[in-house]
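Student: See structure07.txt below, with compact mmCIF, C-alpha atoms and all ligand atoms.
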# COMPACT_ATOMS: atom_id res chain seq x y z
CA MET E 1 27.14 2.67 13.97
CA THR E 2 23.92 4.17 12.53
CA ASP E 3 22.17 6.70 14.79
CA LEU E 4 18.58 5.37 14.74
CA LYS E 5 16.99 8.74 15.40
CA ASN E 6 18.79 10.70 12.71
CA PHE E 7 18.80 8.12 9.93
CA THR E 8 16.71 9.20 6.92
CA PRO E 9 15.39 6.15 5.07
CA LEU E 10 15.20 6.06 1.28
CA VAL E 11 11.77 4.78 0.21
CA ALA E 12 10.97 3.26 -3.19
CA VAL E 13 7.53 4.53 -4.26
CA THR E 14 5.63 2.78 -7.07
CA ALA E 15 4.57 4.78 -10.14
CA ASP E 16 1.49 4.80 -12.35
CA VAL E 17 1.96 5.15 -16.11
CA ARG E 18 -0.10 8.05 -17.46
CA GLU E 19 -0.37 9.87 -20.81
CA PHE E 20 -0.05 13.63 -20.50
CA GLY E 21 0.98 16.35 -22.96
CA GLY E 22 2.08 13.82 -25.57
CA TYR E 23 4.36 11.95 -23.14
CA GLN E 24 4.14 8.79 -21.04
CA TRP E 25 4.78 9.78 -17.42
CA HIS E 26 5.72 7.49 -14.56
CA ALA E 27 4.24 9.32 -11.62
CA ALA E 28 3.03 9.11 -8.02
CA PRO E 29 0.56 11.51 -6.38
CA GLU E 30 2.08 14.15 -4.12
CA SER E 31 0.16 12.94 -1.05
CA TYR E 32 2.21 9.70 -0.98
CA VAL E 33 5.61 11.29 -1.45
CA LYS E 34 4.81 13.95 1.16
CA ALA E 35 3.63 11.26 3.60
CA VAL E 36 7.00 9.52 3.24
CA VAL E 37 8.66 12.77 4.31
CA ASP E 38 6.16 13.98 6.94
CA GLY E 39 5.01 10.63 8.34
CA ALA E 40 7.97 8.28 8.00
CA GLY E 41 10.82 10.81 8.02
CA GLY E 42 12.11 9.39 4.74
CA ILE E 43 13.14 10.47 1.25
CA PRO E 44 10.80 9.20 -1.48
CA LEU E 45 12.26 7.76 -4.67
CA ILE E 46 9.65 7.22 -7.40
CA VAL E 47 10.52 4.03 -9.27
CA PRO E 48 9.39 4.01 -12.93
CA SER E 49 7.14 1.13 -13.94
CA LEU E 50 9.57 -0.37 -16.44
CA GLY E 51 8.88 -3.98 -15.49
CA ALA E 52 11.78 -6.38 -15.96
CA ALA E 53 14.06 -3.49 -17.03
CA ILE E 54 14.23 -2.49 -13.35
CA ASP E 55 16.76 -4.59 -11.45
CA ILE E 56 14.68 -5.14 -8.33
CA ASP E 57 17.45 -6.83 -6.36
CA ALA E 58 19.76 -3.88 -7.03
CA LEU E 59 16.99 -1.45 -6.08
CA LEU E 60 16.26 -3.26 -2.81
CA GLU E 61 19.97 -3.19 -1.90
CA ARG E 62 19.81 0.61 -1.99
CA VAL E 63 16.44 1.47 -0.45
CA ASP E 64 15.21 1.03 3.10
CA GLY E 65 11.53 0.51 2.37
CA VAL E 66 8.85 0.21 -0.30
CA LEU E 67 5.60 2.18 -0.48
CA VAL E 68 3.03 0.73 -2.89
CA THR E 69 0.63 3.55 -3.73
CA GLY E 70 -3.09 3.63 -4.45
CA SER E 71 -4.33 4.30 -7.97
CA ARG E 72 -7.61 4.47 -9.86
CA SER E 73 -6.40 1.66 -12.14
CA ASN E 74 -7.12 -1.97 -11.33
CA VAL E 75 -4.79 -4.96 -11.23
CA HIS E 76 -5.14 -6.88 -14.51
CA PRO E 77 -7.66 -9.72 -13.91
CA THR E 78 -5.52 -12.33 -15.68
CA LEU E 79 -3.04 -11.96 -12.80
CA TYR E 80 -5.59 -13.53 -10.46
CA GLY E 81 -7.15 -16.01 -12.87
CA GLU E 82 -10.04 -13.94 -14.22
CA THR E 83 -11.02 -12.71 -17.66
CA PRO E 84 -10.58 -9.04 -18.57
CA ASP E 85 -13.88 -7.17 -18.61
CA PRO E 86 -14.56 -3.49 -19.44
CA ARG E 87 -16.05 -3.17 -15.94
CA THR E 88 -12.65 -3.80 -14.34
CA GLU E 89 -10.82 -1.22 -16.49
CA PRO E 90 -8.70 0.90 -16.48
CA TYR E 91 -5.60 -1.27 -16.17
CA ASP E 92 -1.93 -0.37 -15.85
CA PRO E 93 -0.03 -3.50 -16.96
CA ALA E 94 3.36 -1.78 -16.75
CA ARG E 95 2.71 -0.98 -13.10
CA ASP E 96 1.56 -4.56 -12.42
CA ALA E 97 4.73 -5.89 -14.08
CA THR E 98 6.86 -3.78 -11.74
CA SER E 99 4.98 -3.67 -8.46
CA LEU E 100 4.09 -7.36 -8.12
CA PRO E 101 7.70 -8.61 -8.40
CA LEU E 102 8.82 -5.68 -6.20
CA ILE E 103 6.33 -6.65 -3.49
CA ARG E 104 7.42 -10.32 -3.54
CA ALA E 105 11.10 -9.43 -3.43
CA ALA E 106 10.67 -6.85 -0.64
CA ILE E 107 8.86 -9.42 1.52
CA ALA E 108 11.46 -12.10 0.83
CA LYS E 109 14.33 -9.75 1.74
CA GLY E 110 12.61 -8.27 4.80
CA VAL E 111 12.55 -4.77 3.32
CA PRO E 112 9.72 -2.88 5.12
CA LEU E 113 6.64 -2.63 2.91
CA LEU E 114 3.56 -0.44 3.23
CA ALA E 115 0.87 -1.07 0.59
CA ILE E 116 -2.07 1.33 0.24
CA CYS E 117 -5.44 0.70 -1.48
CA ARG E 118 -4.46 -0.60 -4.96
CA GLY E 119 -1.25 -1.48 -3.16
CA GLN E 120 -3.07 -3.78 -0.72
CA GLN E 121 -4.88 -5.37 -3.66
CA GLU E 122 -1.53 -5.88 -5.44
CA LEU E 123 -0.06 -7.38 -2.27
CA ASN E 124 -2.89 -9.93 -2.16
CA VAL E 125 -2.56 -10.79 -5.87
CA ALA E 126 1.26 -10.94 -5.66
CA LEU E 127 0.90 -13.64 -2.99
CA GLY E 128 -1.74 -15.65 -4.87
CA GLY E 129 -5.05 -14.11 -3.73
CA THR E 130 -7.93 -12.73 -5.80
CA LEU E 131 -9.96 -9.52 -6.00
CA ILE E 132 -13.67 -8.81 -6.17
CA SER E 133 -14.97 -5.95 -8.30
CA GLU E 134 -17.77 -3.41 -7.92
CA VAL E 135 -18.09 -4.18 -4.21
CA GLN E 136 -21.05 -1.77 -3.92
CA ASP E 137 -23.15 -4.03 -6.20
CA LEU E 138 -22.62 -7.19 -4.15
CA PRO E 139 -25.36 -8.31 -1.73
CA GLY E 140 -24.86 -7.03 1.80
CA ARG E 141 -21.86 -4.92 0.88
CA HIS E 142 -21.50 -1.18 1.30
CA ASP E 143 -20.48 1.47 -1.19
CA HIS E 144 -16.75 2.04 -0.64
CA ARG E 145 -16.38 4.57 -3.47
CA SER E 146 -15.60 8.20 -2.74
CA PRO E 147 -18.14 10.94 -3.40
CA VAL E 148 -17.73 12.48 -6.87
CA SER E 149 -16.02 15.81 -6.23
CA ASP E 150 -13.19 17.96 -7.59
CA VAL E 151 -12.29 18.80 -4.00
CA ALA E 152 -9.73 16.29 -2.74
CA ASP E 153 -10.63 16.88 0.93
CA GLU E 154 -14.20 15.73 0.11
CA ARG E 155 -13.05 12.63 -1.77
CA PHE E 156 -10.64 11.70 1.01
CA ALA E 157 -12.99 12.61 3.90
CA ILE E 158 -13.13 10.07 6.74
CA ARG E 159 -16.23 7.96 6.06
CA HIS E 160 -16.57 4.70 7.99
CA PRO E 161 -15.24 2.73 10.95
CA VAL E 162 -13.04 -0.35 10.67
CA GLU E 163 -12.59 -2.89 13.43
CA ILE E 164 -9.04 -3.78 14.27
CA VAL E 165 -8.32 -7.46 14.94
CA PRO E 166 -7.25 -7.71 18.63
CA GLY E 167 -3.68 -8.83 19.28
CA GLY E 168 -2.51 -8.27 15.71
CA CYS E 169 0.37 -6.13 14.49
CA PHE E 170 -2.02 -3.41 13.40
CA ALA E 171 -3.62 -3.26 16.85
CA ARG E 172 -0.14 -2.75 18.29
CA ILE E 173 0.53 0.09 15.86
CA VAL E 174 -2.69 2.08 16.34
CA GLU E 175 -3.45 0.98 19.93
CA ARG E 176 -7.21 1.10 19.29
CA ASP E 177 -10.07 -1.39 18.69
CA THR E 178 -11.74 0.72 16.01
CA ILE E 179 -10.57 3.55 13.80
CA GLU E 180 -12.35 5.77 11.27
CA VAL E 181 -11.06 5.71 7.71
CA ASN E 182 -11.61 7.23 4.29
CA SER E 183 -12.66 5.04 1.36
CA LEU E 184 -11.95 5.38 -2.39
CA HIS E 185 -12.23 1.97 -3.98
CA ARG E 186 -14.57 -0.28 -5.94
CA GLN E 187 -12.53 -3.46 -5.70
CA ALA E 188 -11.45 -5.37 -2.60
CA ILE E 189 -9.70 -8.54 -1.51
CA GLY E 190 -11.72 -11.63 -2.52
CA GLN E 191 -9.83 -14.83 -1.71
CA LEU E 192 -7.21 -13.85 0.85
CA ALA E 193 -3.71 -14.99 -0.10
CA GLU E 194 -2.50 -17.79 2.17
CA GLY E 195 0.46 -15.72 3.25
CA LEU E 196 -1.67 -12.85 4.56
CA VAL E 197 -3.35 -12.26 7.92
CA VAL E 198 -6.44 -10.02 8.28
CA GLU E 199 -5.71 -7.05 10.55
CA ALA E 200 -8.88 -4.94 10.14
CA VAL E 201 -12.39 -5.37 8.71
CA ALA E 202 -15.24 -2.99 7.74
CA ALA E 203 -18.82 -3.55 8.97
CA ASP E 204 -19.75 -5.26 5.65
CA GLY E 205 -16.86 -7.71 5.90
CA THR E 206 -14.52 -5.91 3.50
CA ILE E 207 -10.91 -6.66 4.41
CA GLU E 208 -9.45 -3.29 5.31
CA ALA E 209 -5.95 -4.15 6.51
CA VAL E 210 -3.60 -7.12 6.23
CA SER E 211 -0.11 -8.13 7.25
CA VAL E 212 2.21 -10.74 5.82
CA ARG E 213 2.26 -13.91 7.92
CA ASP E 214 5.71 -14.61 9.42
CA ALA E 215 7.24 -11.78 7.37
CA PRO E 216 10.88 -11.14 8.22
CA GLY E 217 10.09 -7.40 8.36
CA PHE E 218 7.24 -4.88 8.53
CA ALA E 219 4.80 -5.80 5.73
CA VAL E 220 1.37 -4.21 5.99
CA GLY E 221 -1.43 -3.35 3.58
CA VAL E 222 -4.41 -1.06 4.11
CA GLN E 223 -7.44 -0.51 1.91
CA TRP E 224 -7.88 3.13 2.96
CA HIS E 225 -5.63 6.18 2.53
CA PRO E 226 -3.55 7.02 5.62
CA GLU E 227 -1.20 9.12 3.46
CA TYR E 228 -3.83 11.81 2.95
CA TRP E 229 -4.33 12.70 6.65
CA VAL E 230 -0.91 11.62 7.89
CA THR E 231 -0.21 14.88 9.73
CA THR E 232 -3.70 15.31 11.27
CA ASP E 233 -5.20 11.85 11.90
CA ALA E 234 -3.52 9.96 14.75
CA PRO E 235 -3.88 6.37 13.38
CA SER E 236 -2.63 7.48 9.95
CA GLY E 237 0.34 9.17 11.59
CA ARG E 238 1.08 6.12 13.74
CA LEU E 239 1.07 3.81 10.71
CA PHE E 240 3.57 5.92 8.78
CA HIS E 241 5.64 6.40 11.94
CA ALA E 242 5.76 2.61 12.44
CA PHE E 243 6.87 2.21 8.80
CA GLY E 244 9.64 4.77 9.41
CA GLU E 245 10.73 3.06 12.63
CA ALA E 246 10.83 -0.34 10.88
CA MET E 247 13.10 1.10 8.17
CA ARG E 248 15.38 2.74 10.75
CA ALA E 249 15.59 -0.46 12.80
CA ARG E 250 16.48 -2.53 9.73
CA ALA E 251 19.10 -0.04 8.58
CA ALA E 252 20.65 -0.04 12.06
CA SER E 253 20.79 -3.86 12.21
CA ARG E 254 22.33 -4.04 8.72
CA ASN E 255 24.87 -1.46 9.74
CA LEU E 256 25.75 -3.41 12.87
CA LEU E 257 26.17 -6.61 10.82
CA ALA E 258 28.38 -4.82 8.30
CA ALA E 259 30.58 -3.52 11.13
CA GLU E 260 31.17 -7.00 12.55
N1 LIG E 301 -8.51 0.67 -8.39
C1 LIG E 301 -8.76 0.05 -7.19
C2 LIG E 301 -7.85 0.71 -6.19
C3 LIG E 301 -8.41 1.92 -5.55
C4 LIG E 301 -7.39 2.95 -5.20
O1 LIG E 301 -6.21 2.73 -5.03
N2 LIG E 301 -7.92 4.17 -5.15
C5 LIG E 301 -7.18 5.35 -5.07
C6 LIG E 301 -7.76 6.33 -6.03
C7 LIG E 301 -7.76 7.69 -5.46
C8 LIG E 301 -8.58 8.64 -6.31
O2 LIG E 301 -9.71 8.33 -6.66
O3 LIG E 301 -8.07 9.71 -6.59
C9 LIG E 301 -10.23 0.08 -6.75
O4 LIG E 301 -10.99 0.92 -7.20
O5 LIG E 301 -10.56 -0.76 -5.93
Represent the supplied structure as structure tokens.
Ligand SMILES: N[C@@H](CCC(=O)NCCCC(=O)O)C(=O)O

Tutor:
Amino acid sequence: MTDLKNFTPLVAVTADVREFGGYQWHAAPESYVKAVVDGAGGIPLIVPSLGAAIDIDALLERVDGVLVTGSRSNVHPTLYGETPDPRTEPYDPARDATSLPLIRAAIAKGVPLLAICRGQQELNVALGGTLISEVQDLPGRHDHRSPVSDVADERFAIRHPVEIVPGGCFARIVERDTIEVNSLHRQAIGQLAEGLVVEAVAADGTIEAVSVRDAPGFAVGVQWHPEYWVTTDAPSGRLFHAFGEAMRARAASRNLLAAE
């Protein structure tokens, strides 16, 4: 039988496609892969964004969870029924072609899923929702972009409160009514996908956290970046810890079933 405490989950981490030094790289920022180790007690496995060439069912048989990372790129507007526009660039269609099917399959199979920033936006689009762009230009909305700085700690500094929906799964994870979060985005959830439940909201109404309604496993999205302060900010640490615990619990139950 699997020892829950000592089990080290393997976590599929989505990759951006970037040009660098004359090569195409499939990469994830270090903060996410380190948060898998430090916050969830897992081993990160960066999955290249090769679209249909990745056998998602085979991947999900081997991993214990999926982390959908943030990225400066935006989900392609045609994926939520809108026309491409230079204002919504840059895009990363190879990432979209990999992460959207991966999200749907992970939810269907009950593989624990944590989706961060672009990841939350992908989760909403994958389930049929839409996005709004340039949130800061919309009436009554706040500026959710980060300050322009070469210093990561300044870009990822904690900047505004979000209210946690009472009684929801997120409230159970962080055990607070309000938390303070960082903010590095110019898009946000527009039409919420039917399959999602709002778990946290900013003062201007921006949807800051969601969960998947009736999901067979842990399936949470956040608009902020818990990975960055996972070792120093209690709510960020609790979220990654809950993700780790969900992966360990699923692995233990699968192991029990296999032993029967
Ligand atoms: N592109 C989307 C998603 C935002 C996101 O994931 N941001 C992370 C970027 C971190 C950085 O700036 O280094 C949007 O802008 O809404």

Student: Show me, as a count of residues only, the residues that have an atom within 6 Å of Ala202 in chain E when counting all atoms listed in the file, minus same-chain residues fewer than 3 positions from it.

Tutor: 3

Student: Give me the residues within 6 Å of range 213-217 of chain E as an MDAnalysis selection string, counting only C-alpha atoms and dropping any in the same chain fewer than 6 places off.

Tutor: chainID E and resid 110 112 195:197

Student: Taking 2 positions as the minimum chain separation for residues in the same chain, which residues sit within 12 Å of Ala126 in chain E when counting all atoms listed in the file? Answer as a PyMOL selection string.

Tutor: chain E and resi 75-76+79-80+96-107+115+118-124+128-131+189+192-196+212

Student: Taking into account all atoms listed in the file, which residue in the set E:Asp64, E:Asp92, E:Glu163, E:Asp55 is nearest to ligand LIG 301 (chain E)?

Tutor: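 Nearest candidate to ligand LIG 301 (chain E) out of E:Asp64, E:Asp92, E:Glu163, E:Asp55: E:Asp92.
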
Student: What is the distance, in Å and to one decimal place, between CA of Ser146 in chain E and CA of Cys169 in chain E?

Tutor: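 Pair CA of Ser146 in chain E / CA of Cys169 in chain E returns 27.5 Å.
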
Student: Could you check the closest approach to Ile207 in chain E for each of E:Val135, E:Leu50, E:Val17, E:Val111 and tell me which residue wins, using only C-alpha atoms?

Tutor: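 Checking each candidate against Ile207 in chain E, we get E:Val135 as the closest.
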